[in-house]
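The file query.pdb comes next; it holds PDB, C-alpha atoms.
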MODEL        1
ATOM      1  CA  MET A 208      53.841 -12.011   3.723
ATOM      2  CA  ARG A 209      53.089 -15.593   4.608
ATOM      3  CA  VAL A 210      51.461 -17.332   7.562
ATOM      4  CA  ARG A 211      52.918 -20.529   8.979
ATOM      5  CA  LEU A 212      53.247 -22.390  12.252
ATOM      6  CA  ALA A 213      55.908 -21.009  14.575
ATOM      7  CA  THR A 214      59.119 -22.931  15.165
ATOM      8  CA  PRO A 215      60.671 -23.490  18.610
ATOM      9  CA  GLN A 216      63.597 -21.244  17.680
ATOM     10  CA  GLU A 217      61.127 -18.376  17.304
ATOM     11  CA  TYR A 218      59.277 -18.728  20.607
ATOM     12  CA  ALA A 219      61.360 -16.158  22.507
ATOM     13  CA  ALA A 220      60.992 -13.577  19.720
ATOM     14  CA  ILE A 221      57.257 -14.260  19.489
ATOM     15  CA  GLY A 222      56.986 -13.773  23.253
ATOM     16  CA  ASP A 223      58.784 -10.445  22.948
ATOM     17  CA  ILE A 224      56.526  -9.314  20.092
ATOM     18  CA  THR A 225      53.412 -10.325  22.015
ATOM     19  CA  ALA A 226      54.531  -8.552  25.192
ATOM     20  CA  ALA A 227      55.399  -5.423  23.185
ATOM     21  CA  ALA A 228      52.047  -5.464  21.368
ATOM     22  CA  TYR A 229      50.189  -5.712  24.688
ATOM     23  CA  ALA A 230      52.434  -3.299  26.645
ATOM     24  CA  ASP A 231      49.810  -0.550  26.789
ATOM     25  CA  PHE A 232      47.307  -3.004  28.260
ATOM     26  CA  THR A 233      49.373  -4.501  31.089
ATOM     27  CA  LEU A 234      50.058  -3.257  34.593
ATOM     28  CA  GLY A 235      53.745  -2.751  33.801
ATOM     29  CA  PRO A 236      56.816  -4.988  34.031
ATOM     30  CA  ASP A 237      55.526  -6.818  37.130
ATOM     31  CA  ASP A 238      52.171  -7.778  35.593
ATOM     32  CA  PRO A 239      51.784 -11.557  36.064
ATOM     33  CA  TYR A 240      49.997 -11.786  32.686
ATOM     34  CA  LEU A 241      53.297 -11.000  30.953
ATOM     35  CA  GLU A 242      54.388 -14.575  31.643
ATOM     36  CA  LYS A 243      51.456 -15.853  29.562
ATOM     37  CA  LEU A 244      52.126 -13.296  26.834
ATOM     38  CA  ARG A 245      55.777 -14.346  26.653
ATOM     39  CA  GLY A 246      54.934 -18.073  26.923
ATOM     40  CA  ALA A 247      54.861 -18.822  23.204
ATOM     41  CA  GLY A 248      56.176 -22.343  23.752
ATOM     42  CA  ALA A 249      53.264 -23.250  26.017
ATOM     43  CA  ARG A 250      50.785 -21.882  23.496
ATOM     44  CA  ALA A 251      52.443 -23.815  20.677
ATOM     45  CA  ALA A 252      52.329 -27.036  22.726
ATOM     46  CA  GLN A 253      48.653 -26.717  23.677
ATOM     47  CA  ALA A 254      47.161 -24.789  20.754
ATOM     48  CA  GLU A 255      48.305 -23.599  17.314
ATOM     49  CA  LEU A 256      50.800 -20.734  17.268
ATOM     50  CA  TRP A 257      50.791 -19.066  13.862
ATOM     51  CA  VAL A 258      53.171 -16.357  12.694
ATOM     52  CA  ALA A 259      53.099 -13.861   9.871
ATOM     53  CA  GLU A 260      56.533 -13.329   8.391
ATOM     54  CA  ASP A 261      58.049 -11.548   5.461
ATOM     55  CA  GLY A 262      61.518 -12.413   4.238
ATOM     56  CA  GLY A 263      62.293 -14.183   7.505
ATOM     57  CA  GLN A 264      61.186 -11.225   9.638
ATOM     58  CA  LEU A 265      58.501 -12.039  12.211
ATOM     59  CA  LEU A 266      55.697  -9.501  11.937
ATOM     60  CA  GLY A 267      53.112 -10.915  14.318
ATOM     61  CA  SER A 268      51.426 -13.992  15.708
ATOM     62  CA  VAL A 269      48.111 -15.400  16.819
ATOM     63  CA  THR A 270      47.139 -18.353  18.984
ATOM     64  CA  ARG A 271      44.379 -20.414  17.401
ATOM     65  CA  CYS A 272      42.686 -22.564  20.030
ATOM     66  CA  PRO A 273      41.345 -25.769  18.494
ATOM     67  CA  HIS A 274      38.696 -27.859  20.181
ATOM     68  CA  GLY A 275      40.129 -29.505  23.276
ATOM     69  CA  SER A 276      42.834 -26.878  23.790
ATOM     70  CA  PRO A 277      43.164 -25.573  27.364
ATOM     71  CA  TRP A 278      43.666 -22.104  25.815
ATOM     72  CA  ARG A 279      39.998 -21.914  24.802
ATOM     73  CA  GLU A 280      38.007 -19.484  26.917
ATOM     74  CA  ILE A 281      34.494 -18.969  25.531
ATOM     75  CA  GLY A 282      34.180 -21.125  22.399
ATOM     76  CA  THR A 283      31.373 -23.681  22.208
ATOM     77  CA  GLU A 284      31.423 -27.003  20.332
ATOM     78  CA  ASP A 285      30.653 -25.406  16.971
ATOM     79  CA  GLU A 286      32.867 -22.317  17.340
ATOM     80  CA  GLY A 287      36.501 -21.642  16.627
ATOM     81  CA  GLU A 288      38.456 -19.347  18.918
ATOM     82  CA  PHE A 289      41.672 -17.374  18.800
ATOM     83  CA  ARG A 290      43.667 -15.381  21.329
ATOM     84  CA  MET A 291      46.653 -13.116  21.678
ATOM     85  CA  LEU A 292      46.623 -11.566  18.237
ATOM     86  CA  ALA A 293      49.853  -9.566  18.282
ATOM     87  CA  VAL A 294      51.516  -7.390  15.669
ATOM     88  CA  ALA A 295      55.068  -6.159  16.167
ATOM     89  CA  PRO A 296      55.000  -2.402  16.806
ATOM     90  CA  THR A 297      57.310  -1.912  13.801
ATOM     91  CA  ALA A 298      54.881  -3.824  11.537
ATOM     92  CA  GLN A 299      51.630  -2.117  12.506
ATOM     93  CA  GLY A 300      49.644  -0.678   9.626
ATOM     94  CA  ARG A 301      50.900  -3.295   7.148
ATOM     95  CA  GLY A 302      47.869  -5.600   7.238
ATOM     96  CA  VAL A 303      49.470  -8.200   9.497
ATOM     97  CA  GLY A 304      46.447  -8.418  11.783
ATOM     98  CA  VAL A 305      44.138  -8.815   8.789
ATOM     99  CA  VAL A 306      46.192 -11.710   7.430
ATOM    100  CA  LEU A 307      46.319 -13.482  10.799
ATOM    101  CA  VAL A 308      42.592 -13.087  11.517
ATOM    102  CA  GLN A 309      41.722 -14.301   8.004
ATOM    103  CA  HIS A 310      43.949 -17.326   8.517
ATOM    104  CA  CYS A 311      42.150 -18.214  11.749
ATOM    105  CA  LEU A 312      38.765 -17.822  10.076
ATOM    106  CA  ASP A 313      39.822 -20.033   7.161
ATOM    107  CA  ARG A 314      41.200 -22.763   9.442
ATOM    108  CA  SER A 315      38.079 -22.689  11.584
ATOM    109  CA  ARG A 316      35.830 -23.065   8.538
ATOM    110  CA  GLU A 317      37.968 -26.018   7.391
ATOM    111  CA  ASP A 318      37.350 -27.606  10.801
ATOM    112  CA  GLY A 319      33.582 -27.291  10.268
ATOM    113  CA  ASP A 320      32.978 -24.560  12.822
ATOM    114  CA  ARG A 321      29.909 -22.370  12.360
ATOM    115  CA  ALA A 322      31.424 -19.289  13.992
ATOM    116  CA  MET A 323      34.559 -17.740  15.486
ATOM    117  CA  VAL A 324      34.749 -16.105  18.916
ATOM    118  CA  LEU A 325      37.281 -14.134  20.881
ATOM    119  CA  SER A 326      37.657 -12.080  24.038
ATOM    120  CA  SER A 327      39.286  -8.668  24.267
ATOM    121  CA  LEU A 328      39.924  -5.916  26.755
ATOM    122  CA  PRO A 329      37.379  -3.096  26.380
ATOM    123  CA  ARG A 330      40.092  -0.525  25.663
ATOM    124  CA  MET A 331      41.657  -2.392  22.708
ATOM    125  CA  ALA A 332      39.960  -0.057  20.232
ATOM    126  CA  ALA A 333      42.255  -0.735  17.260
ATOM    127  CA  ALA A 334      41.696  -4.490  17.570
ATOM    128  CA  HIS A 335      37.934  -3.956  17.852
ATOM    129  CA  ARG A 336      37.945  -1.917  14.633
ATOM    130  CA  LEU A 337      39.745  -4.770  12.891
ATOM    131  CA  TYR A 338      37.261  -7.351  14.157
ATOM    132  CA  GLU A 339      34.312  -5.173  13.175
ATOM    133  CA  ARG A 340      35.702  -4.753   9.626
ATOM    134  CA  PHE A 341      35.599  -8.544   9.334
ATOM    135  CA  GLY A 342      31.999  -8.579  10.556
ATOM    136  CA  PHE A 343      32.514  -9.704  14.149
ATOM    137  CA  LEU A 344      29.694  -8.566  16.398
ATOM    138  CA  ARG A 345      29.786  -7.855  20.107
ATOM    139  CA  VAL A 346      28.063 -10.492  22.215
ATOM    140  CA  PRO A 347      27.772  -8.788  25.612
ATOM    141  CA  GLU A 348      26.015 -11.779  27.152
ATOM    142  CA  ARG A 349      29.343 -13.631  26.847
ATOM    143  CA  ASP A 350      31.513 -10.921  28.439
ATOM    144  CA  TRP A 351      33.410 -12.316  31.402
ATOM    145  CA  SER A 352      36.134 -11.788  33.966
ATOM    146  CA  PRO A 353      39.131 -14.155  34.148
ATOM    147  CA  ALA A 354      40.544 -12.436  37.248
ATOM    148  CA  PRO A 355      39.456  -9.764  39.729
ATOM    149  CA  GLY A 356      39.604  -6.365  38.063
ATOM    150  CA  VAL A 357      39.958  -7.798  34.553
ATOM    151  CA  GLU A 358      36.854  -7.505  32.407
ATOM    152  CA  LEU A 359      36.797  -8.980  28.899
ATOM    153  CA  VAL A 360      34.324  -8.281  26.102
ATOM    154  CA  ALA A 361      33.304 -10.985  23.653
ATOM    155  CA  PHE A 362      33.029 -10.898  19.865
ATOM    156  CA  ARG A 363      31.536 -13.471  17.479
ATOM    157  CA  PHE A 364      31.646 -13.927  13.721
ATOM    158  CA  ALA A 365      29.134 -16.342  12.182
ATOM    159  CA  TYR A 366      29.996 -18.028   8.871
TER     160      TYR A 366
ENDMDL
END
Please re-express this file's structure in structure tokens.
Amino acid sequence: MRVRLATPQEYAAIGDITAAAYADFTLGPDDPYLEKLRGAGARAAQAELWVAEDGGQLLGSVTRCPHGSPWREIGTEDEGEFRMLAVAPTAQGRGVGVVLVQHCLDRSREDGDRAMVLSSLPRMAAAHRLYERFGFLRVPERDWSPAPGVELVAFRFAY
């Protein structure tokens, strides 16, 4: 398995993987957030869209939000941030999420960040277990709501 930047030819497939990975957390096929989940091209243009692949098969992706990216939500000047960690349903349990999170942490350290932050829905228990295995801690004082009825919980990992 290797991690690399996504190519434009892969954006539609990455959008499909991301929408499938988040399907249990959306309001169904009419959820307006699906447009953002499927919008891999926009994420690649305004952030860093990384994919995990094995033998040419896309297994998952993550959006790393460098300083200055409009995709950043809660990161401060000395923090890295990532969003939309997504593993294809057929690739779950293969360590794809671990590889993508580790990649984001490594890139953030290279940039000189002192910590990494992210936001998550409260009911994303599997993702929370992954973050906690890395040593991310909940930071409830940074929980927030991007839209009415949507509450996000914050996590932080200090280097």
Residues within 6 Å of (52.9, -20.5, 9.0), file coords, only C-alpha atoms, listed as a ChimeraX atom specification:
/A:210-212,257-258
Compare A:Tyr218, A:Phe343, A:Tyr240, A:Tyr366 by their minimum atom-to-atom distance to Gly319 in chain A, counting all atoms listed in the file, and give me the closest one.
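Among the listed residues, the smallest separation from Gly319 in chain A belongs to A:Tyr366.
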So which one's closest to Cys272 in chain A, A:Asp231, A:Asp350, A:Asp318, A:Glu358? Using all atoms listed in the file, please.
A:Asp318
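Note on the selection: in this file the PyMOL selection byres ((chain A and resi 255) around 8) comes out as A:Leu212, A:Arg250, A:Ala251, A:Ala252, A:Gln253, A:Ala254, A:Leu256, A:Trp257, A:Thr270, A:Arg271, A:Cys272, A:Pro273.
Between CA of Arg340 in chain A and CA of Ala365 in chain A lies a distance of 13.6 Å.
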Edge lengths and centre in Å to one decimal, as AutoDock Vina command-line options, is what I'm after for the box along x, y and z that holds all listed atoms of range 277-291 of chain A once 5 Å is added on each side.
--center_x 38.7 --center_y -20.1 --center_z 22.0 --size_x 26.0 --size_y 23.9 --size_z 20.7
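Comparing the minimum interatomic distances between Arg330 in chain A and each of A:Ala259, A:Leu265, A:Val357, A:Ala249, counting all atoms listed in the file, we find that A:Val357 sits nearest.
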Determine the residue set returned by the PyMOL selection byres ((chain A and resi 323-325) around 12) for the present structure, and present it as a PyMOL selection string.
chain A and resi 269-274+278-292+308-316+318-322+326-328+334-335+338+341-347+349-351+359-366
Can you list, as a PyMOL selection string, the residues that the PyMOL selection byres ((chain A and resi 232) around 12) selects here?
chain A and resi 225-231+233-236+238+240-241+244+327-332+357
Interatomic distance, CA of Ser268 in chain A to CA of Pro353 in chain A (Å, one decimal)
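Taking CA of Ser268 in chain A and CA of Pro353 in chain A, their separation equals 22.2 Å.
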Find, counting all atoms listed in the file, the residue in A:Val305, A:Gly262, A:Ala293, A:Pro355 that gets nearest to Met208 in chain A.
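Among A:Val305, A:Gly262, A:Ala293, A:Pro355, it is A:Gly262 that comes nearest to Met208 in chain A.
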Could you check the closest approach to Ala295 in chain A for each of A:Pro215, A:Pro277, A:Gly267, A:Pro239 and tell me which residue wins, using all atoms listed in the file?
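Among the listed residues, the smallest separation from Ala295 in chain A belongs to A:Gly267.
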Write out as a VMD selection string each polymer residue whose atoms come within 10 Å of Gln216 in chain A, counting all atoms listed in the file; drop sequence neighbours fewer than 4 positions from it.
chain A and resid 220 to 221 248
Any idea what the distance is between CA of Asp261 in chain A and CA of Val306 in chain A?
12.0 Å
Find the residue from A:Glu217, A:Gly356, A:Arg336, A:Glu317 that sits nearest to Gly263 in chain A; use all atoms listed in the file when measuring.
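The answer is A:Glu217, which sits nearest to Gly263 in chain A.
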